[in-house]
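Structure data follow from work.txt (compact mmCIF, N, CA and C atoms and all ligand atoms):
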```
# COMPACT_ATOMS: atom_id res chain seq x y z
N MET A 100 -3.84 15.98 -5.99
CA MET A 100 -4.32 15.28 -4.78
C MET A 100 -3.30 14.24 -4.34
N ASP A 101 -2.73 14.43 -3.14
CA ASP A 101 -1.74 13.43 -2.71
C ASP A 101 -2.42 12.28 -1.96
N TYR A 102 -1.72 11.17 -1.90
CA TYR A 102 -2.30 9.95 -1.35
C TYR A 102 -2.76 10.14 0.10
N GLU A 103 -1.96 10.86 0.88
CA GLU A 103 -2.31 10.98 2.30
C GLU A 103 -3.58 11.81 2.52
N THR A 104 -3.77 12.84 1.69
CA THR A 104 -4.99 13.65 1.78
C THR A 104 -6.20 12.77 1.45
N LEU A 105 -6.06 11.96 0.40
CA LEU A 105 -7.17 11.10 0.00
C LEU A 105 -7.44 10.03 1.06
N LEU A 106 -6.38 9.52 1.65
CA LEU A 106 -6.54 8.54 2.74
C LEU A 106 -7.30 9.15 3.91
N ASN A 107 -6.94 10.38 4.24
CA ASN A 107 -7.64 11.07 5.33
C ASN A 107 -9.12 11.18 5.05
N LYS A 108 -9.45 11.46 3.79
CA LYS A 108 -10.86 11.55 3.40
C LYS A 108 -11.54 10.18 3.54
N ALA A 109 -10.81 9.12 3.21
CA ALA A 109 -11.38 7.77 3.35
C ALA A 109 -11.64 7.48 4.84
N PHE A 110 -10.73 7.90 5.71
CA PHE A 110 -10.96 7.73 7.15
C PHE A 110 -12.17 8.53 7.61
N GLU A 111 -12.33 9.73 7.05
CA GLU A 111 -13.52 10.54 7.37
C GLU A 111 -14.78 9.76 7.00
N GLY A 112 -14.75 9.14 5.81
CA GLY A 112 -15.88 8.32 5.37
C GLY A 112 -16.12 7.19 6.35
N ARG A 113 -15.04 6.52 6.75
CA ARG A 113 -15.19 5.37 7.64
C ARG A 113 -15.85 5.76 8.97
N SER A 114 -15.61 6.98 9.42
CA SER A 114 -16.19 7.40 10.70
C SER A 114 -17.72 7.41 10.64
N ARG A 115 -18.27 7.39 9.43
CA ARG A 115 -19.72 7.41 9.28
C ARG A 115 -20.29 6.04 8.88
N ALA A 116 -19.45 5.00 8.94
CA ALA A 116 -19.91 3.66 8.56
C ALA A 116 -21.10 3.24 9.41
N TYR A 117 -22.06 2.63 8.74
CA TYR A 117 -23.22 2.09 9.44
C TYR A 117 -23.11 0.57 9.32
N ALA A 118 -22.51 -0.04 10.32
CA ALA A 118 -22.22 -1.47 10.22
C ALA A 118 -22.54 -2.18 11.53
N PRO A 119 -23.82 -2.11 11.95
CA PRO A 119 -24.18 -2.72 13.24
C PRO A 119 -24.20 -4.25 13.22
N TYR A 120 -24.16 -4.86 12.03
CA TYR A 120 -24.24 -6.32 11.95
C TYR A 120 -22.87 -6.96 11.90
N SER A 121 -22.01 -6.44 11.05
CA SER A 121 -20.66 -7.02 10.94
C SER A 121 -19.66 -6.34 11.87
N ASN A 122 -19.97 -5.10 12.27
CA ASN A 122 -18.99 -4.28 13.00
C ASN A 122 -17.68 -4.14 12.23
N PHE A 123 -17.77 -4.23 10.92
CA PHE A 123 -16.60 -4.07 10.05
C PHE A 123 -16.78 -2.73 9.34
N TYR A 124 -15.98 -1.77 9.74
CA TYR A 124 -16.19 -0.39 9.30
C TYR A 124 -15.26 -0.06 8.14
N VAL A 125 -15.84 0.41 7.05
CA VAL A 125 -15.05 0.69 5.84
C VAL A 125 -15.33 2.12 5.37
N GLY A 126 -14.28 2.77 4.88
CA GLY A 126 -14.42 4.11 4.30
C GLY A 126 -13.71 4.16 2.96
N ALA A 127 -14.21 5.02 2.08
CA ALA A 127 -13.59 5.18 0.76
C ALA A 127 -13.65 6.65 0.38
N ALA A 128 -12.73 7.04 -0.50
CA ALA A 128 -12.78 8.40 -1.07
C ALA A 128 -12.34 8.30 -2.51
N VAL A 129 -13.11 8.91 -3.40
CA VAL A 129 -12.76 8.93 -4.83
C VAL A 129 -12.42 10.35 -5.26
N VAL A 130 -11.41 10.45 -6.11
CA VAL A 130 -11.12 11.74 -6.77
C VAL A 130 -11.58 11.60 -8.21
N MET A 131 -12.37 12.55 -8.66
CA MET A 131 -12.92 12.49 -10.00
C MET A 131 -12.09 13.35 -10.96
N GLU A 132 -12.51 13.36 -12.24
CA GLU A 132 -11.73 14.00 -13.30
C GLU A 132 -11.49 15.48 -13.04
N ASP A 133 -12.40 16.13 -12.32
CA ASP A 133 -12.25 17.57 -12.05
C ASP A 133 -11.66 17.84 -10.67
N GLU A 134 -11.07 16.78 -10.07
CA GLU A 134 -10.45 16.87 -8.74
C GLU A 134 -11.47 16.91 -7.60
N SER A 135 -12.76 16.79 -7.94
CA SER A 135 -13.72 16.75 -6.84
C SER A 135 -13.57 15.41 -6.11
N ILE A 136 -13.87 15.44 -4.81
CA ILE A 136 -13.70 14.25 -3.98
C ILE A 136 -15.05 13.89 -3.36
N TYR A 137 -15.35 12.61 -3.37
CA TYR A 137 -16.56 12.11 -2.72
C TYR A 137 -16.15 11.00 -1.75
N THR A 138 -16.70 11.06 -0.54
CA THR A 138 -16.39 10.03 0.44
C THR A 138 -17.56 9.05 0.52
N GLY A 139 -17.28 7.88 1.07
CA GLY A 139 -18.35 6.90 1.26
C GLY A 139 -18.05 6.00 2.44
N CYS A 140 -19.11 5.37 2.94
CA CYS A 140 -18.96 4.39 4.02
C CYS A 140 -19.84 3.20 3.67
N ASN A 141 -19.58 2.06 4.35
CA ASN A 141 -20.51 0.95 4.13
C ASN A 141 -21.79 1.21 4.90
N ILE A 142 -22.88 0.80 4.29
CA ILE A 142 -24.22 1.03 4.86
C ILE A 142 -24.93 -0.33 4.87
N GLU A 143 -25.00 -0.91 6.06
CA GLU A 143 -25.58 -2.25 6.16
C GLU A 143 -27.10 -2.19 6.30
N ASN A 144 -27.70 -3.35 6.19
CA ASN A 144 -29.15 -3.44 6.24
C ASN A 144 -29.54 -4.73 6.96
N ALA A 145 -30.64 -4.68 7.69
CA ALA A 145 -31.11 -5.86 8.42
C ALA A 145 -31.32 -7.05 7.50
N SER A 146 -31.58 -6.78 6.22
CA SER A 146 -31.75 -7.88 5.26
C SER A 146 -30.41 -8.46 4.83
N TYR A 147 -29.33 -7.83 5.25
CA TYR A 147 -27.96 -8.16 4.85
C TYR A 147 -27.71 -7.90 3.36
N GLY A 148 -28.57 -8.46 2.50
CA GLY A 148 -28.35 -8.37 1.06
C GLY A 148 -28.41 -6.95 0.52
N ALA A 149 -29.11 -6.07 1.22
CA ALA A 149 -29.25 -4.68 0.75
C ALA A 149 -28.07 -3.80 1.18
N THR A 150 -27.08 -4.41 1.79
CA THR A 150 -25.89 -3.66 2.23
C THR A 150 -25.15 -3.06 1.04
N ASN A 151 -24.66 -1.84 1.23
CA ASN A 151 -23.85 -1.20 0.19
C ASN A 151 -22.44 -0.96 0.74
N CYS A 152 -21.45 -1.30 -0.06
CA CYS A 152 -20.04 -1.11 0.36
C CYS A 152 -19.66 0.37 0.32
N ALA A 153 -18.60 0.69 1.05
CA ALA A 153 -18.09 2.06 1.09
C ALA A 153 -17.68 2.58 -0.29
N GLU A 154 -17.03 1.72 -1.05
CA GLU A 154 -16.53 2.13 -2.38
C GLU A 154 -17.69 2.53 -3.28
N ARG A 155 -18.73 1.68 -3.27
CA ARG A 155 -19.87 1.99 -4.14
C ARG A 155 -20.64 3.20 -3.64
N THR A 156 -20.69 3.39 -2.34
CA THR A 156 -21.36 4.59 -1.83
C THR A 156 -20.66 5.83 -2.39
N ALA A 157 -19.33 5.85 -2.31
CA ALA A 157 -18.56 7.02 -2.80
C ALA A 157 -18.75 7.20 -4.31
N ILE A 158 -18.65 6.10 -5.04
CA ILE A 158 -18.75 6.19 -6.52
C ILE A 158 -20.16 6.62 -6.93
N PHE A 159 -21.16 6.07 -6.30
CA PHE A 159 -22.54 6.42 -6.68
C PHE A 159 -22.86 7.88 -6.33
N LYS A 160 -22.27 8.36 -5.23
CA LYS A 160 -22.44 9.79 -4.94
C LYS A 160 -21.86 10.63 -6.07
N ALA A 161 -20.65 10.28 -6.50
CA ALA A 161 -19.98 11.06 -7.56
C ALA A 161 -20.77 11.00 -8.87
N VAL A 162 -21.18 9.79 -9.25
CA VAL A 162 -21.90 9.64 -10.53
C VAL A 162 -23.22 10.40 -10.48
N SER A 163 -23.88 10.35 -9.34
CA SER A 163 -25.18 11.02 -9.23
C SER A 163 -25.05 12.53 -9.21
N GLU A 164 -23.80 13.01 -9.02
CA GLU A 164 -23.56 14.46 -9.09
C GLU A 164 -22.93 14.83 -10.44
N GLY A 165 -22.91 13.88 -11.37
CA GLY A 165 -22.47 14.20 -12.73
C GLY A 165 -21.01 13.88 -13.04
N HIS A 166 -20.32 13.18 -12.13
CA HIS A 166 -18.90 12.84 -12.36
C HIS A 166 -18.75 11.36 -12.61
N THR A 167 -18.27 11.02 -13.80
CA THR A 167 -18.24 9.61 -14.19
C THR A 167 -16.83 9.08 -14.48
N SER A 168 -15.81 9.87 -14.15
CA SER A 168 -14.45 9.40 -14.44
C SER A 168 -13.58 9.48 -13.18
N ILE A 169 -13.25 8.29 -12.67
CA ILE A 169 -12.46 8.21 -11.43
C ILE A 169 -10.97 8.32 -11.74
N LYS A 170 -10.28 9.20 -11.00
CA LYS A 170 -8.81 9.30 -11.15
C LYS A 170 -8.08 8.41 -10.14
N ALA A 171 -8.64 8.32 -8.95
CA ALA A 171 -8.02 7.48 -7.91
C ALA A 171 -9.07 7.20 -6.85
N ILE A 172 -8.84 6.11 -6.11
CA ILE A 172 -9.74 5.78 -5.00
C ILE A 172 -8.91 5.28 -3.82
N ALA A 173 -9.25 5.74 -2.64
CA ALA A 173 -8.59 5.25 -1.42
C ALA A 173 -9.61 4.47 -0.61
N ILE A 174 -9.15 3.39 0.01
CA ILE A 174 -10.04 2.51 0.78
C ILE A 174 -9.38 2.16 2.12
N VAL A 175 -10.14 2.31 3.19
CA VAL A 175 -9.63 1.91 4.51
C VAL A 175 -10.69 1.06 5.19
N GLY A 176 -10.21 -0.04 5.80
CA GLY A 176 -11.14 -0.93 6.48
C GLY A 176 -10.62 -1.28 7.84
N VAL A 177 -10.39 -2.54 8.04
CA VAL A 177 -9.95 -3.02 9.34
C VAL A 177 -8.65 -2.33 9.76
N GLU A 178 -8.58 -2.02 11.04
CA GLU A 178 -7.40 -1.30 11.57
C GLU A 178 -6.14 -2.14 11.40
N ASN A 179 -5.12 -1.49 10.87
CA ASN A 179 -3.81 -2.11 10.72
C ASN A 179 -3.71 -3.31 9.79
N ASP A 180 -4.57 -3.31 8.79
CA ASP A 180 -4.38 -4.25 7.68
C ASP A 180 -4.98 -3.61 6.44
N TYR A 181 -4.70 -4.18 5.30
CA TYR A 181 -5.23 -3.62 4.06
C TYR A 181 -6.56 -4.28 3.73
N THR A 182 -7.54 -3.48 3.35
CA THR A 182 -8.85 -4.01 2.94
C THR A 182 -9.00 -3.76 1.45
N TYR A 183 -9.08 -4.84 0.72
CA TYR A 183 -9.25 -4.75 -0.74
C TYR A 183 -10.74 -4.65 -1.07
N PRO A 184 -11.07 -4.00 -2.17
CA PRO A 184 -12.49 -3.94 -2.56
C PRO A 184 -13.03 -5.31 -2.93
N CYS A 185 -14.29 -5.55 -2.63
CA CYS A 185 -14.92 -6.83 -2.99
C CYS A 185 -15.09 -6.89 -4.51
N GLY A 186 -15.49 -8.05 -5.00
CA GLY A 186 -15.62 -8.25 -6.45
C GLY A 186 -16.63 -7.32 -7.10
N ILE A 187 -17.74 -7.09 -6.43
CA ILE A 187 -18.77 -6.21 -7.01
C ILE A 187 -18.20 -4.80 -7.14
N CYS A 188 -17.51 -4.33 -6.11
CA CYS A 188 -16.93 -2.97 -6.16
C CYS A 188 -15.84 -2.87 -7.23
N ARG A 189 -15.05 -3.92 -7.40
CA ARG A 189 -14.02 -3.90 -8.46
C ARG A 189 -14.70 -3.70 -9.81
N GLN A 190 -15.81 -4.39 -10.00
CA GLN A 190 -16.54 -4.26 -11.27
C GLN A 190 -17.11 -2.86 -11.43
N VAL A 191 -17.61 -2.29 -10.35
CA VAL A 191 -18.17 -0.92 -10.43
C VAL A 191 -17.06 0.10 -10.67
N ILE A 192 -15.90 -0.11 -10.04
CA ILE A 192 -14.76 0.79 -10.31
C ILE A 192 -14.41 0.71 -11.80
N ALA A 193 -14.41 -0.52 -12.35
CA ALA A 193 -14.04 -0.71 -13.76
C ALA A 193 -14.98 0.03 -14.72
N GLU A 194 -16.21 0.22 -14.29
CA GLU A 194 -17.19 0.94 -15.13
C GLU A 194 -16.80 2.40 -15.31
N PHE A 195 -16.15 2.97 -14.28
CA PHE A 195 -15.91 4.42 -14.27
C PHE A 195 -14.43 4.80 -14.20
N ALA A 196 -13.54 3.84 -14.45
CA ALA A 196 -12.11 4.13 -14.32
C ALA A 196 -11.31 3.42 -15.40
N ALA A 197 -10.15 3.98 -15.73
CA ALA A 197 -9.23 3.33 -16.66
C ALA A 197 -8.51 2.21 -15.90
N ALA A 198 -7.98 1.25 -16.67
CA ALA A 198 -7.34 0.07 -16.07
C ALA A 198 -6.12 0.43 -15.22
N ASP A 199 -5.52 1.60 -15.52
CA ASP A 199 -4.27 1.95 -14.80
C ASP A 199 -4.50 2.91 -13.62
N ILE A 200 -5.73 3.11 -13.20
CA ILE A 200 -5.93 4.05 -12.08
C ILE A 200 -5.35 3.48 -10.79
N GLN A 201 -5.06 4.41 -9.90
CA GLN A 201 -4.46 4.00 -8.63
C GLN A 201 -5.53 3.73 -7.59
N ILE A 202 -5.35 2.59 -6.95
CA ILE A 202 -6.23 2.20 -5.84
C ILE A 202 -5.34 2.17 -4.60
N ILE A 203 -5.62 3.10 -3.71
CA ILE A 203 -4.77 3.28 -2.53
C ILE A 203 -5.42 2.54 -1.36
N LEU A 204 -4.70 1.56 -0.86
CA LEU A 204 -5.23 0.74 0.24
C LEU A 204 -4.50 1.15 1.51
N GLY A 205 -5.25 1.70 2.45
CA GLY A 205 -4.62 2.25 3.66
C GLY A 205 -4.69 1.29 4.82
N LYS A 206 -3.55 1.16 5.49
CA LYS A 206 -3.48 0.35 6.70
C LYS A 206 -3.74 1.26 7.90
N ASN A 207 -3.19 2.46 7.80
CA ASN A 207 -3.43 3.53 8.78
C ASN A 207 -3.16 4.83 8.02
N LYS A 208 -3.11 5.95 8.75
CA LYS A 208 -3.02 7.23 8.04
C LYS A 208 -1.67 7.45 7.34
N LYS A 209 -0.69 6.65 7.69
CA LYS A 209 0.65 6.83 7.08
C LYS A 209 1.07 5.68 6.18
N GLU A 210 0.55 4.50 6.47
CA GLU A 210 0.99 3.31 5.72
C GLU A 210 -0.07 2.88 4.73
N TYR A 211 0.35 2.80 3.47
CA TYR A 211 -0.60 2.39 2.43
C TYR A 211 0.16 1.70 1.30
N ILE A 212 -0.59 0.95 0.51
CA ILE A 212 -0.01 0.38 -0.71
C ILE A 212 -0.87 0.86 -1.87
N VAL A 213 -0.27 0.88 -3.05
CA VAL A 213 -1.00 1.35 -4.24
C VAL A 213 -1.03 0.23 -5.28
N LYS A 214 -2.23 -0.08 -5.74
CA LYS A 214 -2.41 -1.09 -6.79
C LYS A 214 -3.13 -0.43 -7.96
N THR A 215 -2.97 -1.00 -9.13
CA THR A 215 -3.79 -0.51 -10.24
C THR A 215 -5.03 -1.40 -10.34
N LEU A 216 -6.05 -0.88 -11.02
CA LEU A 216 -7.26 -1.67 -11.19
C LEU A 216 -6.93 -2.96 -11.95
N ASP A 217 -6.06 -2.84 -12.95
CA ASP A 217 -5.70 -4.00 -13.75
C ASP A 217 -5.04 -5.10 -12.90
N GLU A 218 -4.32 -4.69 -11.86
CA GLU A 218 -3.68 -5.70 -10.99
C GLU A 218 -4.70 -6.47 -10.17
N ILE A 219 -5.77 -5.78 -9.77
CA ILE A 219 -6.72 -6.50 -8.89
C ILE A 219 -7.96 -6.99 -9.65
N LEU A 220 -8.09 -6.60 -10.91
CA LEU A 220 -9.20 -7.11 -11.73
C LEU A 220 -8.70 -7.35 -13.16
N PRO A 221 -7.76 -8.31 -13.30
CA PRO A 221 -7.23 -8.56 -14.64
C PRO A 221 -8.31 -9.13 -15.55
N GLY A 222 -8.23 -8.76 -16.81
CA GLY A 222 -9.18 -9.30 -17.79
C GLY A 222 -10.60 -8.84 -17.55
N ALA A 223 -10.75 -7.63 -17.02
CA ALA A 223 -12.08 -7.12 -16.67
C ALA A 223 -13.05 -7.16 -17.85
N PHE A 224 -14.27 -7.50 -17.55
CA PHE A 224 -15.35 -7.40 -18.54
C PHE A 224 -15.88 -5.98 -18.45
N THR A 225 -15.79 -5.22 -19.53
CA THR A 225 -16.20 -3.82 -19.50
C THR A 225 -17.03 -3.48 -20.74
N LYS A 226 -17.33 -2.18 -20.84
CA LYS A 226 -18.15 -1.73 -21.97
C LYS A 226 -17.51 -2.04 -23.33
N LYS A 227 -16.18 -2.19 -23.35
CA LYS A 227 -15.51 -2.53 -24.62
C LYS A 227 -15.98 -3.89 -25.13
N ASP A 228 -16.29 -4.78 -24.20
CA ASP A 228 -16.78 -6.11 -24.60
C ASP A 228 -18.17 -6.04 -25.21
N LEU A 229 -18.85 -4.94 -24.95
CA LEU A 229 -20.19 -4.75 -25.52
C LEU A 229 -20.12 -3.84 -26.75
N GLY A 230 -18.87 -3.54 -27.17
CA GLY A 230 -18.68 -2.67 -28.32
C GLY A 230 -18.98 -1.22 -28.03
N LYS A 231 -18.88 -0.82 -26.74
CA LYS A 231 -19.17 0.58 -26.36
C LYS A 231 -17.88 1.31 -26.00
O1 LIG B 301 -14.06 -3.56 0.48
C1 LIG B 301 -15.04 -3.72 1.23
C2 LIG B 301 -15.28 -4.92 1.90
C3 LIG B 301 -16.39 -4.98 2.73
N1 LIG B 301 -17.19 -3.89 2.90
C4 LIG B 301 -18.30 -3.94 3.85
C5 LIG B 301 -19.55 -4.64 3.43
C6 LIG B 301 -20.12 -5.06 4.78
O2 LIG B 301 -20.83 -3.97 5.35
C7 LIG B 301 -18.91 -5.30 5.64
C8 LIG B 301 -18.54 -6.75 5.81
O3 LIG B 301 -18.41 -7.37 4.57
O4 LIG B 301 -17.85 -4.59 5.03
C9 LIG B 301 -16.95 -2.72 2.24
O5 LIG B 301 -17.65 -1.71 2.42
N2 LIG B 301 -15.90 -2.68 1.39
ZN ZN B 302 -17.73 -3.94 -2.25
```

Encoded form using structure tokens:
Amino acid sequence: MDYETLLNKAFEGRSRAYAPYSNFYVGAAVVMEDESIYTGCNIENASYGATNCAERTAIFKAVSEGHTSIKAIAIVGVENDYTYPCGICRQVIAEFAAADIQIILGKNKKEYIVKTLDEILPGAFTKKDLGK
């Protein structure tokens, strides 16, 4: 799976964003251990607090279909800038990914940067801390 294909999938996810309150549209795409891909969008709620981010939508879709190991994730948000995952999503990524996985942050369909989970969530609290 090349980065640009995954980015395109993240843009596909973003086209389905439900964000009538913030008007901030986010899309994500995860590649799992078997190369399956799941897309996600942010899904807002009138209560605000019940909002789900694009990253978690994609990850929860994958996990609920039996895939629990993320190989890479692409995220696209605001046009022409990089959108990093929020703290809650970083923690959820850490639950299902190794510290060295690639997180592809897309500015547009051609321009992106790649970070590892360890770079954006150093010292993560994970199942290892619980002896699991
Ligand atoms: O990485 C991010 C950052 C924000 N959002 C969503 C949550 C909310 O709907 C909107 C504004 O925070 O953007 C995401 O989906 N992913
Ligand atoms: Zn988030």

7 Å shell around ligand ZN 302 (chain B) using all atoms listed in the file, listed as a PyMOL selection string: chain A and resi 151-155+184-189

Prev. selection, N, CA and C atoms, output as a PDB file, keeping the file's coordinate frame:
```pdb
ATOM      1  N   ASN A 151     -24.660  -1.840   1.230  1.00  0.00           N
ATOM      2  CA  ASN A 151     -23.850  -1.200   0.190  1.00  0.00           C
ATOM      3  C   ASN A 151     -22.440  -0.960   0.740  1.00  0.00           C
ATOM      4  N   CYS A 152     -21.450  -1.300  -0.060  1.00  0.00           N
ATOM      5  CA  CYS A 152     -20.040  -1.110   0.360  1.00  0.00           C
ATOM      6  C   CYS A 152     -19.660   0.370   0.320  1.00  0.00           C
ATOM      7  N   ALA A 153     -18.600   0.690   1.050  1.00  0.00           N
ATOM      8  CA  ALA A 153     -18.090   2.060   1.090  1.00  0.00           C
ATOM      9  C   ALA A 153     -17.680   2.580  -0.290  1.00  0.00           C
ATOM     10  N   GLU A 154     -17.030   1.720  -1.050  1.00  0.00           N
ATOM     11  CA  GLU A 154     -16.530   2.130  -2.380  1.00  0.00           C
ATOM     12  C   GLU A 154     -17.690   2.530  -3.280  1.00  0.00           C
ATOM     13  N   ARG A 155     -18.730   1.680  -3.270  1.00  0.00           N
ATOM     14  CA  ARG A 155     -19.870   1.990  -4.140  1.00  0.00           C
ATOM     15  C   ARG A 155     -20.640   3.200  -3.640  1.00  0.00           C
ATOM     16  N   PRO A 184     -11.070  -4.000  -2.170  1.00  0.00           N
ATOM     17  CA  PRO A 184     -12.490  -3.940  -2.560  1.00  0.00           C
ATOM     18  C   PRO A 184     -13.030  -5.310  -2.930  1.00  0.00           C
ATOM     19  N   CYS A 185     -14.290  -5.550  -2.630  1.00  0.00           N
ATOM     20  CA  CYS A 185     -14.920  -6.830  -2.990  1.00  0.00           C
ATOM     21  C   CYS A 185     -15.090  -6.890  -4.510  1.00  0.00           C
ATOM     22  N   GLY A 186     -15.490  -8.050  -5.000  1.00  0.00           N
ATOM     23  CA  GLY A 186     -15.620  -8.250  -6.450  1.00  0.00           C
ATOM     24  C   GLY A 186     -16.630  -7.320  -7.100  1.00  0.00           C
ATOM     25  N   ILE A 187     -17.740  -7.090  -6.430  1.00  0.00           N
ATOM     26  CA  ILE A 187     -18.770  -6.210  -7.010  1.00  0.00           C
ATOM     27  C   ILE A 187     -18.200  -4.800  -7.140  1.00  0.00           C
ATOM     28  N   CYS A 188     -17.510  -4.330  -6.110  1.00  0.00           N
ATOM     29  CA  CYS A 188     -16.930  -2.970  -6.160  1.00  0.00           C
ATOM     30  C   CYS A 188     -15.840  -2.870  -7.230  1.00  0.00           C
ATOM     31  N   ARG A 189     -15.050  -3.920  -7.400  1.00  0.00           N
ATOM     32  CA  ARG A 189     -14.020  -3.900  -8.460  1.00  0.00           C
ATOM     33  C   ARG A 189     -14.700  -3.700  -9.810  1.00  0.00           C
TER      34      ARG A 189
END
```

Separation of atom C of Gly126 in chain A from atom N of Glu111 in chain A in Å: 7.0 Å

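With all atoms listed in the file as the basis for measurement, A:Phe195 is the residue among A:Phe195, A:Leu204, A:Leu220, A:Val213 that approaches His166 in chain A most closely.
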
Check which residues of range 114-139 of chain A sit at most 9 Å from range 171-180 of chain A using only C-alpha atoms, and return one row each with the closest pair of atoms and their distance in Å to one decimal, ordered by chain and rising number, as a tab-separated table.
```
residue	atom	partner	partner_atom	distance
A:Phe123	CA	A:Val177	CA	6.8
A:Tyr124	CA	A:Gly176	CA	5.8
A:Val125	CA	A:Gly176	CA	4.3
A:Gly126	CA	A:Val175	CA	5.3
A:Ala127	CA	A:Ile174	CA	4.4
A:Ala128	CA	A:Ala173	CA	5.3
A:Val129	CA	A:Ile172	CA	4.4
A:Val130	CA	A:Ala171	CA	5.4
A:Met131	CA	A:Ala171	CA	7.3
```

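Using only C-alpha atoms and all ligand atoms, the smallest distance between any of A:Glu218, A:Glu164, A:Glu143, A:Glu210 and ligand LIG 301 (chain B) comes from A:Glu143.
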
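Across A:Tyr183, A:Arg113, A:Ala197, A:Ile169, the tightest approach to ligand LIG 301 (chain B) is made by A:Tyr183 when counting all atoms listed in the file.
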
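Closest approach to ligand LIG 301 (chain B) among A:Thr138, A:Asn107, A:Asn144, A:Ser114 is made by A:Asn144 (distances from only C-alpha atoms and all ligand atoms).
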
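Reported to one decimal place, the separation of atom C of Ala109 in chain A from atom N of Val191 in chain A is 19.0 Å.
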
Strand (DSSP E) positions in chain A, given as an NGL selection string: :A and (126-131 or 136-140 or 169-175 or 196-205 or 211-215)

Keeping only N, CA and C atoms, take the residues you just selected and write them out as a CSV table (one decimal), keeping the file's coordinate frame.
```csv
chain,number,residue,atom,x,y,z
A,126,GLY,N,-14.3,2.8,4.9
A,126,GLY,CA,-14.4,4.1,4.3
A,126,GLY,C,-13.7,4.2,3.0
A,127,ALA,N,-14.2,5.0,2.1
A,127,ALA,CA,-13.6,5.2,0.8
A,127,ALA,C,-13.6,6.6,0.4
A,128,ALA,N,-12.7,7.0,-0.5
A,128,ALA,CA,-12.8,8.4,-1.1
A,128,ALA,C,-12.3,8.3,-2.5
A,129,VAL,N,-13.1,8.9,-3.4
A,129,VAL,CA,-12.8,8.9,-4.8
A,129,VAL,C,-12.4,10.4,-5.3
A,130,VAL,N,-11.4,10.4,-6.1
A,130,VAL,CA,-11.1,11.7,-6.8
A,130,VAL,C,-11.6,11.6,-8.2
A,131,MET,N,-12.4,12.6,-8.7
A,131,MET,CA,-12.9,12.5,-10.0
A,131,MET,C,-12.1,13.4,-11.0
A,136,ILE,N,-13.9,15.4,-4.8
A,136,ILE,CA,-13.7,14.2,-4.0
A,136,ILE,C,-15.0,13.9,-3.4
A,137,TYR,N,-15.4,12.6,-3.4
A,137,TYR,CA,-16.6,12.1,-2.7
A,137,TYR,C,-16.2,11.0,-1.8
A,138,THR,N,-16.7,11.1,-0.5
A,138,THR,CA,-16.4,10.0,0.4
A,138,THR,C,-17.6,9.0,0.5
A,139,GLY,N,-17.3,7.9,1.1
A,139,GLY,CA,-18.4,6.9,1.3
A,139,GLY,C,-18.0,6.0,2.4
A,140,CYS,N,-19.1,5.4,2.9
A,140,CYS,CA,-19.0,4.4,4.0
A,140,CYS,C,-19.8,3.2,3.7
A,169,ILE,N,-13.2,8.3,-12.7
A,169,ILE,CA,-12.5,8.2,-11.4
A,169,ILE,C,-11.0,8.3,-11.7
A,170,LYS,N,-10.3,9.2,-11.0
A,170,LYS,CA,-8.8,9.3,-11.2
A,170,LYS,C,-8.1,8.4,-10.1
A,171,ALA,N,-8.6,8.3,-9.0
A,171,ALA,CA,-8.0,7.5,-7.9
A,171,ALA,C,-9.1,7.2,-6.8
A,172,ILE,N,-8.8,6.1,-6.1
A,172,ILE,CA,-9.7,5.8,-5.0
A,172,ILE,C,-8.9,5.3,-3.8
A,173,ALA,N,-9.2,5.7,-2.6
A,173,ALA,CA,-8.6,5.2,-1.4
A,173,ALA,C,-9.6,4.5,-0.6
A,174,ILE,N,-9.2,3.4,0.0
A,174,ILE,CA,-10.0,2.5,0.8
A,174,ILE,C,-9.4,2.2,2.1
A,175,VAL,N,-10.1,2.3,3.2
A,175,VAL,CA,-9.6,1.9,4.5
A,175,VAL,C,-10.7,1.1,5.2
A,196,ALA,N,-13.5,3.8,-14.4
A,196,ALA,CA,-12.1,4.1,-14.3
A,196,ALA,C,-11.3,3.4,-15.4
A,197,ALA,N,-10.2,4.0,-15.7
A,197,ALA,CA,-9.2,3.3,-16.7
A,197,ALA,C,-8.5,2.2,-15.9
A,198,ALA,N,-8.0,1.2,-16.7
A,198,ALA,CA,-7.3,0.1,-16.1
A,198,ALA,C,-6.1,0.4,-15.2
A,199,ASP,N,-5.5,1.6,-15.5
A,199,ASP,CA,-4.3,2.0,-14.8
A,199,ASP,C,-4.5,2.9,-13.6
A,200,ILE,N,-5.7,3.1,-13.2
A,200,ILE,CA,-5.9,4.0,-12.1
A,200,ILE,C,-5.4,3.5,-10.8
A,201,GLN,N,-5.1,4.4,-9.9
A,201,GLN,CA,-4.5,4.0,-8.6
A,201,GLN,C,-5.5,3.7,-7.6
A,202,ILE,N,-5.4,2.6,-7.0
A,202,ILE,CA,-6.2,2.2,-5.8
A,202,ILE,C,-5.3,2.2,-4.6
A,203,ILE,N,-5.6,3.1,-3.7
A,203,ILE,CA,-4.8,3.3,-2.5
A,203,ILE,C,-5.4,2.5,-1.4
A,204,LEU,N,-4.7,1.6,-0.9
A,204,LEU,CA,-5.2,0.7,0.2
A,204,LEU,C,-4.5,1.2,1.5
A,205,GLY,N,-5.2,1.7,2.4
A,205,GLY,CA,-4.6,2.2,3.7
A,205,GLY,C,-4.7,1.3,4.8
A,211,TYR,N,0.4,2.8,3.5
A,211,TYR,CA,-0.6,2.4,2.4
A,211,TYR,C,0.2,1.7,1.3
A,212,ILE,N,-0.6,1.0,0.5
A,212,ILE,CA,0.0,0.4,-0.7
A,212,ILE,C,-0.9,0.9,-1.9
A,213,VAL,N,-0.3,0.9,-3.0
A,213,VAL,CA,-1.0,1.4,-4.2
A,213,VAL,C,-1.0,0.2,-5.3
A,214,LYS,N,-2.2,-0.1,-5.7
A,214,LYS,CA,-2.4,-1.1,-6.8
A,214,LYS,C,-3.1,-0.4,-8.0
A,215,THR,N,-3.0,-1.0,-9.1
A,215,THR,CA,-3.8,-0.5,-10.2
A,215,THR,C,-5.0,-1.4,-10.3
```

Contact residues around Glu103 in chain A with only N, CA and C atoms at 8 Å, ignoring same-chain residues under 5 positions, as a ChimeraX atom specification: /A:108-109,208-209
